[in-house]
>>> print(open('final_16.txt').read())   # compact mmCIF, C-alpha atoms
# COMPACT_ATOMS: atom_id res chain seq x y z
CA MET A 7 -28.36 3.07 8.39
CA PRO A 8 -27.06 6.40 7.01
CA GLU A 9 -28.73 7.75 3.90
CA PRO A 10 -26.69 7.62 0.67
CA MET A 11 -24.93 10.82 -0.33
CA ASP A 12 -26.33 12.64 -3.33
CA ARG A 13 -23.90 12.87 -6.24
CA ARG A 14 -22.91 16.49 -5.65
CA SER A 15 -22.18 15.98 -1.95
CA PHE A 16 -20.32 12.75 -2.67
CA ILE A 17 -18.00 14.33 -5.25
CA ALA A 18 -17.33 17.28 -2.95
CA HIS A 19 -16.52 14.88 -0.11
CA LEU A 20 -14.08 12.88 -2.22
CA ALA A 21 -12.43 15.95 -3.67
CA ALA A 22 -11.61 17.10 -0.15
CA ALA A 23 -10.34 13.70 0.98
CA PRO A 24 -6.71 12.50 0.70
CA LEU A 25 -7.60 9.90 -1.93
CA GLY A 26 -10.38 11.90 -3.56
CA ALA A 27 -8.68 12.72 -6.84
CA ALA A 28 -7.70 9.14 -7.53
CA LEU A 29 -11.03 7.68 -6.48
CA LEU A 30 -12.93 10.01 -8.80
CA ALA A 31 -11.10 8.36 -11.69
CA GLY A 32 -13.49 5.42 -11.39
CA ASP A 33 -13.34 1.64 -11.34
CA ARG A 34 -10.58 0.26 -13.55
CA ARG A 35 -10.17 -3.26 -12.21
CA PRO A 36 -13.16 -5.12 -10.75
CA GLY A 37 -11.13 -7.62 -8.70
CA ALA A 38 -12.01 -9.76 -5.73
CA ALA A 39 -11.62 -6.83 -3.37
CA ARG A 40 -14.81 -5.25 -4.72
CA GLN A 41 -16.80 -8.15 -3.33
CA ARG A 42 -15.86 -7.25 0.24
CA ALA A 43 -18.38 -4.44 0.61
CA SER A 44 -20.52 -6.52 2.94
CA ALA A 45 -17.59 -7.12 5.33
CA ALA A 46 -17.64 -5.57 8.80
CA LEU A 47 -14.66 -3.37 7.94
CA PRO A 48 -13.70 -1.72 4.65
CA PRO A 49 -10.63 -3.02 2.79
CA ARG A 50 -7.21 -1.65 3.57
CA VAL A 51 -6.01 0.73 0.86
CA VAL A 52 -2.55 2.30 0.58
CA GLY A 53 -2.24 5.41 -1.55
CA LEU A 54 0.78 5.98 -3.82
CA ARG A 55 1.28 9.71 -3.49
CA THR A 56 3.45 12.48 -4.92
CA MET A 57 3.40 15.84 -3.14
CA GLY A 58 6.01 18.19 -4.51
CA GLY A 59 9.27 16.31 -4.07
CA ASP A 60 7.78 13.95 -1.49
CA PHE A 61 7.10 10.44 -2.79
CA ARG A 62 5.43 8.06 -0.35
CA PHE A 63 3.11 5.21 0.43
CA ASP A 64 0.22 6.44 2.56
CA PRO A 65 0.23 4.87 5.11
CA PRO A 66 3.81 3.55 5.00
CA GLY A 67 3.31 0.69 7.46
CA LEU A 68 0.49 -1.75 8.25
CA ARG A 69 -0.18 -4.91 10.21
CA LEU A 70 -2.27 -7.58 8.46
CA GLU A 71 -3.61 -10.98 9.39
CA PRO A 72 -2.48 -13.98 7.31
CA GLY A 73 -4.73 -14.31 4.28
CA ALA A 74 -5.53 -10.58 4.16
CA ASP A 75 -5.65 -8.58 0.94
CA LEU A 76 -4.12 -5.15 0.41
CA ILE A 77 -4.94 -2.66 -2.33
CA TRP A 78 -2.48 -0.05 -3.59
CA LEU A 79 -4.18 2.91 -5.26
CA ASN A 80 -2.20 5.25 -7.51
CA MET A 81 -2.75 8.97 -6.90
CA GLY A 82 -0.99 9.96 -10.14
CA ASP A 83 2.64 10.00 -11.36
CA PHE A 84 4.55 6.83 -12.23
CA HIS A 85 4.60 4.39 -9.31
CA THR A 86 4.94 0.70 -8.52
CA ALA A 87 4.47 -1.45 -5.43
CA SER A 88 7.21 -4.10 -5.61
CA ALA A 89 8.51 -6.61 -3.07
CA PHE A 90 12.09 -6.64 -1.87
CA HIS A 91 12.80 -9.95 -3.58
CA PRO A 92 15.60 -11.14 -5.91
CA GLU A 93 12.95 -11.71 -8.61
CA ASN A 94 12.63 -7.92 -8.80
CA ALA A 95 16.37 -7.26 -9.23
CA ARG A 96 15.85 -6.05 -12.80
CA LEU A 97 13.70 -3.20 -11.50
CA LEU A 98 16.65 -1.57 -9.74
CA GLY A 99 19.39 -2.66 -12.14
CA GLY A 100 21.19 -4.79 -9.58
CA ASP A 101 20.73 -7.01 -6.58
CA VAL A 102 17.57 -6.68 -4.51
CA PRO A 103 17.85 -8.26 -1.06
CA LEU A 104 15.21 -10.69 0.11
CA ARG A 105 13.15 -8.81 2.71
CA ILE A 106 9.94 -10.83 2.73
CA PRO A 107 9.41 -14.20 4.46
CA GLU A 108 11.14 -17.16 2.84
CA GLY A 109 8.59 -19.07 0.78
CA ALA A 110 6.25 -16.09 0.49
CA GLU A 111 5.03 -15.01 -2.94
CA SER A 112 6.83 -12.06 -4.45
CA TRP A 113 4.89 -9.32 -6.24
CA HIS A 114 5.36 -6.43 -8.64
CA SER A 115 2.45 -4.20 -9.62
CA GLY A 116 3.94 -3.12 -12.92
CA MET A 117 4.12 0.59 -13.70
CA LEU A 118 0.77 2.04 -12.68
CA GLY A 119 1.29 5.07 -14.91
CA LEU A 120 0.15 8.66 -14.64
CA THR A 121 -3.58 7.91 -14.46
CA ALA A 122 -4.95 8.43 -10.97
CA GLY A 123 -7.18 5.59 -9.85
CA THR A 124 -5.19 2.64 -11.23
CA GLU A 125 -4.73 -0.04 -8.60
CA PHE A 126 -3.06 -3.30 -7.66
CA GLU A 127 -4.04 -5.96 -5.14
CA HIS A 128 -2.07 -8.74 -3.44
CA THR A 129 -2.95 -11.40 -0.86
CA PHE A 130 -0.52 -12.11 2.01
CA ARG A 131 -0.66 -15.71 3.22
CA VAL A 132 2.68 -16.24 5.00
CA ALA A 133 3.32 -14.62 8.38
CA GLY A 134 6.28 -12.30 8.76
CA VAL A 135 7.70 -8.92 7.73
CA TYR A 136 7.35 -7.71 4.13
CA ASP A 137 9.31 -4.71 2.79
CA TYR A 138 8.45 -3.18 -0.57
CA PHE A 139 9.39 -0.22 -2.76
CA CYS A 140 8.37 2.03 -5.64
CA GLN A 141 10.71 1.42 -8.57
CA PRO A 142 11.06 4.98 -9.96
CA HIS A 143 11.21 6.62 -6.52
CA TYR A 144 13.28 4.05 -4.63
CA GLY A 145 16.23 6.42 -4.32
CA PHE A 146 13.94 9.00 -2.72
CA GLY A 147 12.98 6.55 0.02
CA MET A 148 9.53 5.56 -1.24
CA VAL A 149 9.29 2.29 0.66
CA GLY A 150 6.80 0.54 2.91
CA ARG A 151 6.60 -2.28 5.42
CA LEU A 152 3.88 -4.80 6.22
CA ILE A 153 3.73 -7.12 9.20
CA VAL A 154 1.58 -10.18 8.60
CA GLY A 155 0.75 -11.85 11.90
CA GLU A 156 3.77 -11.25 14.15
CA PRO A 157 7.26 -9.92 13.28
CA ARG A 158 9.11 -13.07 14.28
CA GLY A 159 12.45 -13.52 12.54
CA GLY A 160 12.88 -13.77 8.79
CA PRO A 161 14.76 -11.62 6.26
CA GLY A 162 12.62 -8.54 6.84
CA THR A 163 13.66 -8.30 10.50
CA ARG A 164 17.39 -8.13 9.76
CA PRO A 165 19.31 -4.84 9.48
CA MET A 166 18.99 -3.20 6.07
CA GLU A 167 22.24 -3.45 4.12
CA GLY A 168 23.18 -2.37 0.62
CA VAL A 169 20.33 0.14 0.30
CA PRO A 170 20.36 3.96 0.03
CA GLN A 171 20.29 5.93 3.27
CA ALA A 172 16.96 7.44 2.22
CA VAL A 173 15.48 3.93 2.25
CA ARG A 174 16.81 3.21 5.74
CA ASP A 175 15.47 6.53 7.02
CA ALA A 176 12.00 6.08 5.52
CA MET A 177 11.35 2.42 6.36
CA PRO A 178 8.90 2.15 9.29
CA ASP A 179 10.15 0.29 12.34
CA ALA A 180 8.32 -2.87 13.36
CA ASP A 181 7.67 -1.38 16.80
CA GLU A 182 5.99 1.62 15.16
CA ILE A 183 3.68 -0.65 13.17
CA MET A 184 2.78 -2.75 16.20
CA GLY A 185 2.28 0.29 18.46
CA PRO A 186 0.01 3.36 18.65
CA ARG A 187 1.37 4.87 15.45
CA GLY A 188 0.58 1.65 13.62
CA ARG A 189 -2.99 1.76 14.90
CA GLY A 190 -3.28 5.23 13.41
CA TRP A 191 -1.97 3.90 10.10
CA GLU A 192 -4.52 1.09 10.29
CA TRP A 193 -7.35 3.60 10.60
CA ALA A 194 -5.90 5.67 7.76
CA SER A 195 -5.95 2.62 5.49
CA ARG A 196 -9.55 1.86 6.50
CA ILE A 197 -10.60 5.44 5.77
CA ASN A 198 -8.95 5.10 2.37
CA GLY A 199 -10.89 1.84 1.96
CA THR A 200 -14.19 3.48 2.88
CA LEU A 201 -13.69 6.13 0.21
CA TRP A 202 -12.60 3.44 -2.24
CA LEU A 203 -15.84 1.51 -1.63
CA ARG A 204 -17.98 4.63 -2.00
CA ALA A 205 -16.27 5.54 -5.25
CA HIS A 206 -16.98 2.02 -6.51
CA ASP A 207 -20.61 2.30 -5.34
CA ARG A 208 -20.33 -0.73 -3.06
>>> encode(input="final_16.txt", output="structure tokens")
Amino acid sequence: MPEPMDRRSFIAHLAAAPLGAALLAGDRRPGAARQRASAALPPRVVGLRTMGGDFRFDPPGLRLEPGADLIWLNMGDFHTASAFHPENARLLGGDVPLRIPEGAESWHSGMLGLTAGTEFEHTFRVAGVYDYFCQPHYGFGMVGRLIVGEPRGGPGTRPMEGVPQAVRDAMPDADEIMGPRGRGWEWASRINGTLWLRAHDR
């Protein structure tokens, strides 16, 4: 078993990591995900990032098993993680197409605010394709896609209509998520999760 990092080395390691700044903000919501430290793999964590004029979910696409949890971690700036679901129409001031499986639970993180380290967690129980967006940066193409189980039919597999071109351009393709690029995104989310666990001293 590797020896624990001393505090100075740990902080230096996080500061150099993609999620370091947000993780150093500390534990703000001791949810069920914190109890997964004993699991064989760390939790999947998606960062909500702003880099200059680039607004993105990092990684933008993931494959999950039914019943899996996902954590979104804010890196700073105003962000949300919100499902493409008619319940969230008010967020964009108009219609929001259904792009998650029929019967699946919608979600909206609420505005996570400027404080780095704020987070939101959701459990995905129904198989299918889930598309989601950041409310304030939707027009910039800050969107993401999750595949729970297999991408078999459902609203999320249909062509995107009535959305900005930036959204179409940024949305990951299902084949990307299921292929080699998606495996890289999976590892990126696990690395984020490892740092998240270390920052929470789990």
>>> residues_around(input="final_16.txt", residues="Trp78 of chain A", least_positions_apart="2", cutoff="7 Å", atoms="only C-alpha atoms", output="NGL selection string")
:A and (51-54 or 76 or 80 or 125-127)
>>> write_last_selection(input="final_16.txt", atoms="C-alpha atoms", output="CSV table (one decimal), keeping the file's coordinate frame")
chain,number,residue,atom,x,y,z
A,51,VAL,CA,-6.0,0.7,0.9
A,52,VAL,CA,-2.6,2.3,0.6
A,53,GLY,CA,-2.2,5.4,-1.6
A,54,LEU,CA,0.8,6.0,-3.8
A,76,LEU,CA,-4.1,-5.2,0.4
A,80,ASN,CA,-2.2,5.2,-7.5
A,125,GLU,CA,-4.7,0.0,-8.6
A,126,PHE,CA,-3.1,-3.3,-7.7
A,127,GLU,CA,-4.0,-6.0,-5.1
>>> atom_distance(input="final_16.txt", atom1="atom CA of Pro103 of chain A", atom2="atom CA of Tyr144 of chain A")
13.6 Å
>>> residues_near_point(input="final_16.txt", point="(5.2, -8.5, 3.9)", cutoff="7 Å", atoms="only C-alpha atoms", output="VMD selection string")
chain A and resid 106 134 to 137 151 to 154
>>> residues_around(input="final_16.txt", residues="segment 60-75 of chain A", least_positions_apart="3", cutoff="8 Å", atoms="all atoms listed in the file", output="ChimeraX atom specification")
/A:39,49-50,52-57,127-133,143,146-155,177-178,183-184,188,191-192,194-195
>>> write_last_selection(input="final_16.txt", atoms="C-alpha atoms", output="PDB file, in the coordinates of the input")
ATOM      1  CA  ALA A  39     -11.620  -6.830  -3.370  1.00  0.00           C
ATOM      2  CA  PRO A  49     -10.630  -3.020   2.790  1.00  0.00           C
ATOM      3  CA  ARG A  50      -7.210  -1.650   3.570  1.00  0.00           C
ATOM      4  CA  VAL A  52      -2.550   2.300   0.580  1.00  0.00           C
ATOM      5  CA  GLY A  53      -2.240   5.410  -1.550  1.00  0.00           C
ATOM      6  CA  LEU A  54       0.780   5.980  -3.820  1.00  0.00           C
ATOM      7  CA  ARG A  55       1.280   9.710  -3.490  1.00  0.00           C
ATOM      8  CA  THR A  56       3.450  12.480  -4.920  1.00  0.00           C
ATOM      9  CA  MET A  57       3.400  15.840  -3.140  1.00  0.00           C
ATOM     10  CA  GLU A 127      -4.040  -5.960  -5.140  1.00  0.00           C
ATOM     11  CA  HIS A 128      -2.070  -8.740  -3.440  1.00  0.00           C
ATOM     12  CA  THR A 129      -2.950 -11.400  -0.860  1.00  0.00           C
ATOM     13  CA  PHE A 130      -0.520 -12.110   2.010  1.00  0.00           C
ATOM     14  CA  ARG A 131      -0.660 -15.710   3.220  1.00  0.00           C
ATOM     15  CA  VAL A 132       2.680 -16.240   5.000  1.00  0.00           C
ATOM     16  CA  ALA A 133       3.320 -14.620   8.380  1.00  0.00           C
ATOM     17  CA  HIS A 143      11.210   6.620  -6.520  1.00  0.00           C
ATOM     18  CA  PHE A 146      13.940   9.000  -2.720  1.00  0.00           C
ATOM     19  CA  GLY A 147      12.980   6.550   0.020  1.00  0.00           C
ATOM     20  CA  MET A 148       9.530   5.560  -1.240  1.00  0.00           C
ATOM     21  CA  VAL A 149       9.290   2.290   0.660  1.00  0.00           C
ATOM     22  CA  GLY A 150       6.800   0.540   2.910  1.00  0.00           C
ATOM     23  CA  ARG A 151       6.600  -2.280   5.420  1.00  0.00           C
ATOM     24  CA  LEU A 152       3.880  -4.800   6.220  1.00  0.00           C
ATOM     25  CA  ILE A 153       3.730  -7.120   9.200  1.00  0.00           C
ATOM     26  CA  VAL A 154       1.580 -10.180   8.600  1.00  0.00           C
ATOM     27  CA  GLY A 155       0.750 -11.850  11.900  1.00  0.00           C
ATOM     28  CA  MET A 177      11.350   2.420   6.360  1.00  0.00           C
ATOM     29  CA  PRO A 178       8.900   2.150   9.290  1.00  0.00           C
ATOM     30  CA  ILE A 183       3.680  -0.650  13.170  1.00  0.00           C
ATOM     31  CA  MET A 184       2.780  -2.750  16.200  1.00  0.00           C
ATOM     32  CA  GLY A 188       0.580   1.650  13.620  1.00  0.00           C
ATOM     33  CA  TRP A 191      -1.970   3.900  10.100  1.00  0.00           C
ATOM     34  CA  GLU A 192      -4.520   1.090  10.290  1.00  0.00           C
ATOM     35  CA  ALA A 194      -5.900   5.670   7.760  1.00  0.00           C
ATOM     36  CA  SER A 195      -5.950   2.620   5.490  1.00  0.00           C
TER      37      SER A 195
END
>>> residues_around(input="final_16.txt", residues="segment 83-88 of chain A", least_positions_apart="3", cutoff="6 Å", atoms="only C-alpha atoms", output="short mmCIF file (atom, residue, chain, number, x, y, z; two decimals) with C-alpha atoms, in the frame of the given file")
data_model
loop_
_atom_site.label_atom_id
_atom_site.label_comp_id
_atom_site.auth_asym_id
_atom_site.auth_seq_id
_atom_site.Cartn_x
_atom_site.Cartn_y
_atom_site.Cartn_z
CA TRP A 113 4.89 -9.32 -6.24
CA HIS A 114 5.36 -6.43 -8.64
CA SER A 115 2.45 -4.20 -9.62
CA GLY A 116 3.94 -3.12 -12.92
CA MET A 117 4.12 0.59 -13.70
CA LEU A 118 0.77 2.04 -12.68
CA GLY A 119 1.29 5.07 -14.91
CA LEU A 120 0.15 8.66 -14.64
CA TYR A 138 8.45 -3.18 -0.57
CA PHE A 139 9.39 -0.22 -2.76
CA CYS A 140 8.37 2.03 -5.64
CA GLN A 141 10.71 1.42 -8.57
#
>>> closest_residue(input="final_16.txt", among="A:Gly99, A:Phe90, A:Gly160, A:Gly59", to="Val173 of chain A", atoms="only C-alpha atoms")
A:Phe90
>>> closest_residue(input="final_16.txt", among="A:Leu79, A:Leu201, A:Leu104, A:Ala176", to="Pro161 of chain A", atoms="only C-alpha atoms")
A:Leu104
>>> decode(input="final_16.txt", residues="segment 110-199 of chain A", atoms="C-alpha atoms", output="mmCIF file, in the first residue's frame")
data_model
loop_
_atom_site.group_PDB
_atom_site.id
_atom_site.type_symbol
_atom_site.label_atom_id
_atom_site.label_comp_id
_atom_site.auth_asym_id
_atom_site.auth_seq_id
_atom_site.Cartn_x
_atom_site.Cartn_y
_atom_site.Cartn_z
ATOM 1 C CA ALA A 110 -35.786 8.680 -16.463
ATOM 2 C CA GLU A 111 -35.450 11.233 -13.672
ATOM 3 C CA SER A 112 -34.589 14.745 -14.779
ATOM 4 C CA TRP A 113 -32.017 16.791 -12.862
ATOM 5 C CA HIS A 114 -30.807 20.354 -12.399
ATOM 6 C CA SER A 115 -27.869 21.141 -10.142
ATOM 7 C CA GLY A 116 -28.901 24.709 -9.466
ATOM 8 C CA MET A 117 -26.353 27.464 -9.982
ATOM 9 C CA LEU A 118 -23.118 26.220 -8.455
ATOM 10 C CA GLY A 119 -21.770 29.752 -8.167
ATOM 11 C CA LEU A 120 -18.266 31.158 -8.331
ATOM 12 C CA THR A 121 -16.837 29.086 -5.482
ATOM 13 C CA ALA A 122 -14.542 26.348 -6.745
ATOM 14 C CA GLY A 123 -15.230 23.009 -5.105
ATOM 15 C CA THR A 124 -19.037 23.102 -5.038
ATOM 16 C CA GLU A 125 -20.499 19.885 -6.392
ATOM 17 C CA PHE A 126 -23.616 18.021 -7.447
ATOM 18 C CA GLU A 127 -24.346 14.303 -7.652
ATOM 19 C CA HIS A 128 -26.982 12.301 -9.530
ATOM 20 C CA THR A 129 -27.746 8.587 -9.854
ATOM 21 C CA PHE A 130 -28.615 7.132 -13.277
ATOM 22 C CA ARG A 131 -30.956 4.151 -13.082
ATOM 23 C CA VAL A 132 -32.530 3.940 -16.552
ATOM 24 C CA ALA A 133 -30.462 2.739 -19.513
ATOM 25 C CA GLY A 134 -30.074 5.013 -22.514
ATOM 26 C CA VAL A 135 -28.516 8.262 -23.725
ATOM 27 C CA TYR A 136 -28.583 11.373 -21.522
ATOM 28 C CA ASP A 137 -27.712 14.841 -22.857
ATOM 29 C CA TYR A 138 -27.182 17.760 -20.490
ATOM 30 C CA PHE A 139 -26.090 21.395 -20.529
ATOM 31 C CA CYS A 140 -24.758 24.311 -18.506
ATOM 32 C CA GLN A 141 -27.444 26.995 -18.293
ATOM 33 C CA PRO A 142 -25.302 30.169 -18.525
ATOM 34 C CA HIS A 143 -22.945 28.739 -21.164
ATOM 35 C CA TYR A 144 -25.408 26.768 -23.279
ATOM 36 C CA GLY A 145 -24.996 29.115 -26.236
ATOM 37 C CA PHE A 146 -21.242 28.524 -26.124
ATOM 38 C CA GLY A 147 -21.741 24.781 -26.530
ATOM 39 C CA MET A 148 -21.131 23.706 -22.933
ATOM 40 C CA VAL A 149 -22.928 20.378 -23.162
ATOM 41 C CA GLY A 150 -22.241 16.757 -22.288
ATOM 42 C CA ARG A 151 -23.513 13.276 -23.035
ATOM 43 C CA LEU A 152 -23.783 10.147 -20.907
ATOM 44 C CA ILE A 153 -24.528 6.635 -22.096
ATOM 45 C CA VAL A 154 -26.001 4.425 -19.401
ATOM 46 C CA GLY A 155 -25.776 0.793 -20.433
ATOM 47 C CA GLU A 156 -26.130 0.769 -24.229
ATOM 48 C CA PRO A 157 -27.212 3.578 -26.614
ATOM 49 C CA ARG A 158 -30.315 1.807 -27.879
ATOM 50 C CA GLY A 159 -32.992 4.143 -29.188
ATOM 51 C CA GLY A 160 -34.674 6.831 -27.119
ATOM 52 C CA PRO A 161 -34.822 10.628 -27.457
ATOM 53 C CA GLY A 162 -31.090 11.117 -26.949
ATOM 54 C CA THR A 163 -30.225 9.083 -30.055
ATOM 55 C CA ARG A 164 -32.301 11.232 -32.421
ATOM 56 C CA PRO A 165 -30.817 14.105 -34.463
ATOM 57 C CA MET A 166 -30.506 17.333 -32.487
ATOM 58 C CA GLU A 167 -33.055 19.900 -33.645
ATOM 59 C CA GLY A 168 -33.873 23.389 -32.429
ATOM 60 C CA VAL A 169 -30.526 23.896 -30.693
ATOM 61 C CA PRO A 170 -27.632 26.292 -31.444
ATOM 62 C CA GLN A 171 -24.970 25.106 -33.872
ATOM 63 C CA ALA A 172 -22.398 25.358 -31.086
ATOM 64 C CA VAL A 173 -24.357 22.720 -29.171
ATOM 65 C CA ARG A 174 -24.451 20.370 -32.162
ATOM 66 C CA ASP A 175 -20.721 20.830 -32.733
ATOM 67 C CA ALA A 176 -19.760 20.216 -29.103
ATOM 68 C CA MET A 177 -22.003 17.249 -28.273
ATOM 69 C CA PRO A 178 -19.950 14.022 -28.198
ATOM 70 C CA ASP A 179 -21.042 11.301 -30.591
ATOM 71 C CA ALA A 180 -22.216 8.002 -29.113
ATOM 72 C CA ASP A 181 -19.557 6.158 -31.118
ATOM 73 C CA GLU A 182 -16.880 8.366 -29.545
ATOM 74 C CA ILE A 183 -18.108 7.532 -26.050
ATOM 75 C CA MET A 184 -18.271 3.800 -26.766
ATOM 76 C CA GLY A 185 -14.873 3.746 -28.512
ATOM 77 C CA PRO A 186 -11.213 4.452 -27.655
ATOM 78 C CA ARG A 187 -11.816 8.145 -27.031
ATOM 79 C CA GLY A 188 -14.532 7.268 -24.548
ATOM 80 C CA ARG A 189 -12.146 4.965 -22.699
ATOM 81 C CA GLY A 190 -9.774 7.900 -22.376
ATOM 82 C CA TRP A 191 -12.608 10.016 -20.989
ATOM 83 C CA GLU A 192 -13.409 7.225 -18.540
ATOM 84 C CA TRP A 193 -9.853 7.297 -17.205
ATOM 85 C CA ALA A 194 -9.945 11.098 -17.016
ATOM 86 C CA SER A 195 -13.071 10.927 -14.849
ATOM 87 C CA ARG A 196 -11.439 8.311 -12.602
ATOM 88 C CA ILE A 197 -8.326 10.457 -12.207
ATOM 89 C CA ASN A 198 -10.597 13.341 -11.248
ATOM 90 C CA GLY A 199 -12.271 10.972 -8.779
#
